[in-house]
Amino acid sequence: MSAIDLSRAALIVIDLQPDFMPGGALACHEGDAIVPGIDALLRARRFGHVVATQDWHPAGHVSFANSHAGRAPFESITLYEQPQTLWPEHCVQHTPGAALHAGVDWSSVDAVIRKGSDPRVDSYSAFRENHGPAGTRPPTGLAGWLRERDVDEVYLCGLARDVCVLWSAQDAARLGFRTHVLWELCRPVTPAGDAPTRAAMQRDGIMLADAATLST
């Protein structure tokens with residue numbers, strides 16, 4: 001079987017950062033289990049382009065529970081007429097927990113998209129911020145960057161499968177990219193998120209892919 005042509009495809013590695021690892025400020029279930037596989041995928045250099053995203057919050061970000069008196073992590077509030085989960089303080093700019101994971105060789109990465117840097121607005125997706133005070137979701141610039149390089153297909157992996165990976169995949173599909181999620185190279189905040197995440201991806205035409213098939 002001939003190798004899959006990935007010359008017009010981009011691999012997007014979502015938020016592989018220490019704060020999302022076990023023991024981190026906002027630990028994802030088994031988040032560290034995907035690090036070796038993602039490292040191997042980047043070292044294989046199969047993709048035409050590789051992008052990494054990085055949660056990059058200022059202190060006192062609106063999504064932090066400690067920015068809201070009397071609120072606890074994982075509570076939900078209404079923000080700009082949209083539901084907003086309040087998170088533990090995490091991925092604060094220039095802290096060790098916000099760095100790209102040291103267990104991955106990032107030398108093949110063409111671009112790093114830092115998101116969540118506006119203190120007023122959360123940002124899950126690699127492509128667009130969450131709804132802000134103007135009621136819109138401003139673009140990060142990633143879609144234009146990919147189109148300028150004739151990318152028409154994206155593969156996503158990373159953290160968290162039920163939040164930032166899901167939102168990124170949904171936006172990619174809505175923007176017209178053929179969209180795949182490398183399911184086994186993602187992990188959720190909690191396993192309870194997996195069933196609704198699968199259902200949402202199926203509904204939105206997002207394909208699940210196995211990283212092992214990319215080398216055959």
# chains A, B, ... in the order shown; residues from 1 in each chain; ligands from 1
call {"tool": "select_by_dssp", "arguments": {"residues": "range 16-213 of chain A", "states": "helix (DSSP H, G or I)", "output": "ChimeraX atom specification"}}
result
/A:18-20,31-44,65-67,96-98,142-148,164-174,191-203,211-213
call {"tool": "closest_atom_pairs", "arguments": {"of": "range 61-163 of chain A", "to": "range 13-27 of chain A", "cutoff": "7 Å", "atoms": "only C-alpha atoms", "output": "tab-separated table"}}
result
residue	atom	partner	partner_atom	distance
A:Pro88	CA	A:Leu26	CA	6.2
A:Glu89	CA	A:Ala25	CA	6.8
A:His90	CA	A:Ala25	CA	5.5
A:Cys91	CA	A:Asp19	CA	6.2
A:Gly97	CA	A:Asp19	CA	4.5
A:Ala98	CA	A:Gln17	CA	5.8
A:Ala99	CA	A:Gln17	CA	5.7
A:Leu100	CA	A:Gln17	CA	4.9
A:His101	CA	A:Gln17	CA	4.9
A:Leu156	CA	A:Val13	CA	6.0
A:Cys157	CA	A:Val13	CA	5.2
A:Gly158	CA	A:Ile14	CA	4.6
A:Leu159	CA	A:Asp15	CA	5.6
call {"tool": "select_by_dssp", "arguments": {"residues": "range 59-145 of chain A", "states": "strand (DSSP E or B)", "output": "PyMOL selection string"}}
result
chain A and resi 64+76-79+82-85+87+92+111-115+128+139
call {"tool": "write_last_selection", "arguments": {"atoms": "all heavy atoms", "output": "short mmCIF file (atom, residue, chain, number, x, y, z; two decimals), in the first residue's frame"}}
result
data_model
loop_
_atom_site.label_atom_id
_atom_site.label_comp_id
_atom_site.auth_asym_id
_atom_site.auth_seq_id
_atom_site.Cartn_x
_atom_site.Cartn_y
_atom_site.Cartn_z
N PHE A 64 -10.69 32.12 34.67
CA PHE A 64 -10.21 31.54 35.91
C PHE A 64 -11.25 31.69 37.02
O PHE A 64 -11.79 32.79 37.22
CB PHE A 64 -8.91 32.19 36.37
CG PHE A 64 -7.74 32.01 35.45
CD1 PHE A 64 -6.61 32.83 35.56
CD2 PHE A 64 -7.73 31.03 34.46
CE1 PHE A 64 -5.52 32.66 34.74
CE2 PHE A 64 -6.65 30.86 33.62
CZ PHE A 64 -5.53 31.68 33.76
N SER A 76 -20.08 26.79 36.11
CA SER A 76 -20.40 27.46 34.84
C SER A 76 -21.13 28.76 35.13
O SER A 76 -21.99 28.82 36.01
CB SER A 76 -21.27 26.56 33.97
OG SER A 76 -21.56 27.18 32.72
N ILE A 77 -20.74 29.80 34.39
CA ILE A 77 -21.43 31.08 34.48
C ILE A 77 -21.87 31.47 33.07
O ILE A 77 -21.52 30.81 32.08
CB ILE A 77 -20.54 32.18 35.07
CG1 ILE A 77 -19.34 32.46 34.15
CG2 ILE A 77 -20.09 31.82 36.48
CD1 ILE A 77 -18.54 33.69 34.54
N THR A 78 -22.64 32.52 32.97
CA THR A 78 -22.98 33.10 31.67
C THR A 78 -22.07 34.29 31.43
O THR A 78 -21.97 35.20 32.27
CB THR A 78 -24.45 33.54 31.62
OG1 THR A 78 -25.28 32.39 31.82
CG2 THR A 78 -24.78 34.16 30.27
N LEU A 79 -21.36 34.27 30.30
CA LEU A 79 -20.43 35.33 29.94
C LEU A 79 -20.71 35.73 28.50
O LEU A 79 -20.67 34.87 27.60
CB LEU A 79 -18.99 34.84 30.10
CG LEU A 79 -17.88 35.85 29.82
CD1 LEU A 79 -17.88 36.97 30.86
CD2 LEU A 79 -16.52 35.15 29.80
N GLN A 82 -23.17 33.59 26.73
CA GLN A 82 -22.76 32.22 26.41
C GLN A 82 -22.32 31.52 27.68
O GLN A 82 -21.84 32.16 28.62
CB GLN A 82 -21.59 32.23 25.40
CG GLN A 82 -21.87 32.94 24.10
CD GLN A 82 -22.87 32.19 23.23
OE1 GLN A 82 -22.93 30.97 23.24
NE2 GLN A 82 -23.65 32.95 22.47
N PRO A 83 -22.47 30.17 27.74
CA PRO A 83 -21.97 29.46 28.92
C PRO A 83 -20.44 29.49 28.97
O PRO A 83 -19.78 29.34 27.94
CB PRO A 83 -22.49 28.04 28.72
CG PRO A 83 -22.75 27.91 27.25
CD PRO A 83 -23.13 29.27 26.77
N GLN A 84 -19.91 29.71 30.14
CA GLN A 84 -18.46 29.75 30.34
C GLN A 84 -18.10 28.89 31.54
O GLN A 84 -18.54 29.13 32.66
CB GLN A 84 -17.98 31.18 30.59
CG GLN A 84 -16.54 31.30 31.05
CD GLN A 84 -15.55 30.92 29.98
OE1 GLN A 84 -15.60 31.44 28.86
NE2 GLN A 84 -14.63 30.01 30.28
N THR A 85 -17.30 27.85 31.30
CA THR A 85 -16.75 27.06 32.39
C THR A 85 -15.64 27.86 33.06
O THR A 85 -14.81 28.48 32.39
CB THR A 85 -16.19 25.73 31.88
OG1 THR A 85 -17.24 24.97 31.30
CG2 THR A 85 -15.57 24.93 33.01
N TRP A 87 -12.30 27.74 35.06
CA TRP A 87 -11.21 26.77 35.16
C TRP A 87 -10.26 27.13 36.30
O TRP A 87 -10.17 28.30 36.70
CB TRP A 87 -10.41 26.74 33.86
CG TRP A 87 -11.21 26.48 32.64
CD1 TRP A 87 -11.57 27.37 31.67
CD2 TRP A 87 -11.76 25.21 32.23
NE1 TRP A 87 -12.30 26.75 30.69
CE2 TRP A 87 -12.43 25.43 31.00
CE3 TRP A 87 -11.74 23.94 32.78
CZ2 TRP A 87 -13.08 24.40 30.33
CZ3 TRP A 87 -12.39 22.91 32.11
CH2 TRP A 87 -13.05 23.14 30.89
N VAL A 92 -0.53 30.28 32.62
CA VAL A 92 -0.27 31.72 32.74
C VAL A 92 1.02 32.04 31.98
O VAL A 92 2.03 31.32 32.09
CB VAL A 92 -0.17 32.13 34.21
CG1 VAL A 92 0.23 33.60 34.34
CG2 VAL A 92 -1.51 31.89 34.91
N ALA A 111 4.65 26.93 12.85
CA ALA A 111 4.00 28.08 13.48
C ALA A 111 3.43 27.67 14.82
O ALA A 111 2.99 26.52 15.00
CB ALA A 111 2.88 28.62 12.59
N VAL A 112 3.44 28.59 15.75
CA VAL A 112 2.82 28.40 17.07
C VAL A 112 1.73 29.46 17.22
O VAL A 112 1.98 30.66 17.07
CB VAL A 112 3.84 28.53 18.21
CG1 VAL A 112 3.13 28.41 19.57
CG2 VAL A 112 4.93 27.46 18.08
N ILE A 113 0.51 28.99 17.46
CA ILE A 113 -0.63 29.88 17.68
C ILE A 113 -0.87 29.98 19.18
O ILE A 113 -1.23 28.99 19.82
CB ILE A 113 -1.90 29.35 16.98
CG1 ILE A 113 -1.67 29.21 15.47
CG2 ILE A 113 -3.10 30.25 17.28
CD1 ILE A 113 -1.48 30.50 14.74
N ARG A 114 -0.65 31.16 19.73
CA ARG A 114 -0.94 31.39 21.15
C ARG A 114 -2.36 31.93 21.28
O ARG A 114 -2.73 32.88 20.57
CB ARG A 114 0.07 32.35 21.75
CG ARG A 114 1.43 31.69 21.98
CD ARG A 114 2.45 32.65 22.53
NE ARG A 114 3.62 31.94 23.04
CZ ARG A 114 4.74 32.53 23.44
NH1 ARG A 114 4.84 33.85 23.39
NH2 ARG A 114 5.75 31.80 23.88
N LYS A 115 -3.13 31.33 22.16
CA LYS A 115 -4.54 31.68 22.27
C LYS A 115 -4.91 31.93 23.74
O LYS A 115 -4.23 31.45 24.64
CB LYS A 115 -5.44 30.60 21.66
CG LYS A 115 -5.25 29.20 22.23
CD LYS A 115 -5.98 28.17 21.38
CE LYS A 115 -5.89 26.78 21.97
NZ LYS A 115 -6.57 26.62 23.25
N ARG A 128 -10.54 30.21 16.12
CA ARG A 128 -11.30 31.38 16.52
C ARG A 128 -11.38 31.44 18.04
O ARG A 128 -11.46 30.41 18.71
CB ARG A 128 -12.74 31.33 15.95
CG ARG A 128 -12.82 31.37 14.44
CD ARG A 128 -14.27 31.56 13.99
NE ARG A 128 -15.11 30.42 14.34
CZ ARG A 128 -16.44 30.43 14.29
NH1 ARG A 128 -17.08 31.53 13.91
NH2 ARG A 128 -17.14 29.35 14.60
N PRO A 139 -11.11 35.62 14.49
CA PRO A 139 -10.19 34.59 14.02
C PRO A 139 -8.80 34.76 14.62
O PRO A 139 -8.37 35.88 14.94
CB PRO A 139 -10.16 34.81 12.51
CG PRO A 139 -10.49 36.24 12.32
CD PRO A 139 -11.45 36.59 13.42
#
call {"tool": "residues_around", "arguments": {"residues": "Leu214 in chain A", "least_positions_apart": "6", "cutoff": "10 Å", "atoms": "only C-alpha atoms", "output": "PyMOL selection string"}}
result
chain A and resi 3-6+41+44+46-47
call {"tool": "closest_residue", "arguments": {"among": "A:Gln202, A:Thr95, A:Thr136, A:Gln170", "to": "His57 in chain A", "atoms": "only C-alpha atoms"}}
result
A:Thr95
call {"tool": "closest_residue", "arguments": {"among": "A:Gly103, A:Pro191, A:Gly135, A:Pro58", "to": "Gly116 in chain A", "atoms": "only C-alpha atoms"}}
result
A:Pro58
call {"tool": "atom_distance", "arguments": {"atom1": "CA of Phe177 in chain A", "atom2": "CA of Gly205 in chain A"}}
result
10.7 Å
call {"tool": "closest_residue", "arguments": {"among": "A:Ala9, A:Val109, A:Ala172, A:Ala65", "to": "Leu42 in chain A", "atoms": "only C-alpha atoms"}}
result
A:Val109
call {"tool": "atom_distance", "arguments": {"atom1": "CA of Leu142 in chain A", "atom2": "CA of Ala126 in chain A"}}
result
7.0 Å
call {"tool": "residues_around", "arguments": {"residues": "Pro138 in chain A", "least_positions_apart": "6", "cutoff": "9 Å", "atoms": "only C-alpha atoms", "output": "list in words"}}
result
Phe127, Arg128, Glu129, Asn130, His131 and Gly132 of chain A
call {"tool": "write_last_selection", "arguments": {"atoms": "C-alpha atoms", "output": "mmCIF file, in the first residue's frame"}}
result
data_model
loop_
_atom_site.group_PDB
_atom_site.id
_atom_site.type_symbol
_atom_site.label_atom_id
_atom_site.label_comp_id
_atom_site.auth_asym_id
_atom_site.auth_seq_id
_atom_site.Cartn_x
_atom_site.Cartn_y
_atom_site.Cartn_z
ATOM 1 C CA PHE A 127 -9.060 28.967 14.602
ATOM 2 C CA ARG A 128 -11.304 31.381 16.517
ATOM 3 C CA GLU A 129 -11.624 32.832 19.981
ATOM 4 C CA ASN A 130 -14.741 32.131 22.029
ATOM 5 C CA HIS A 131 -17.564 34.659 21.955
ATOM 6 C CA GLY A 132 -16.400 38.016 23.266
#
call {"tool": "residues_around", "arguments": {"residues": "Leu208 in chain A", "least_positions_apart": "4", "cutoff": "8 Å", "atoms": "only C-alpha atoms", "output": "list in words"}}
result
His180, Val181, Leu182 and Trp183 of chain A
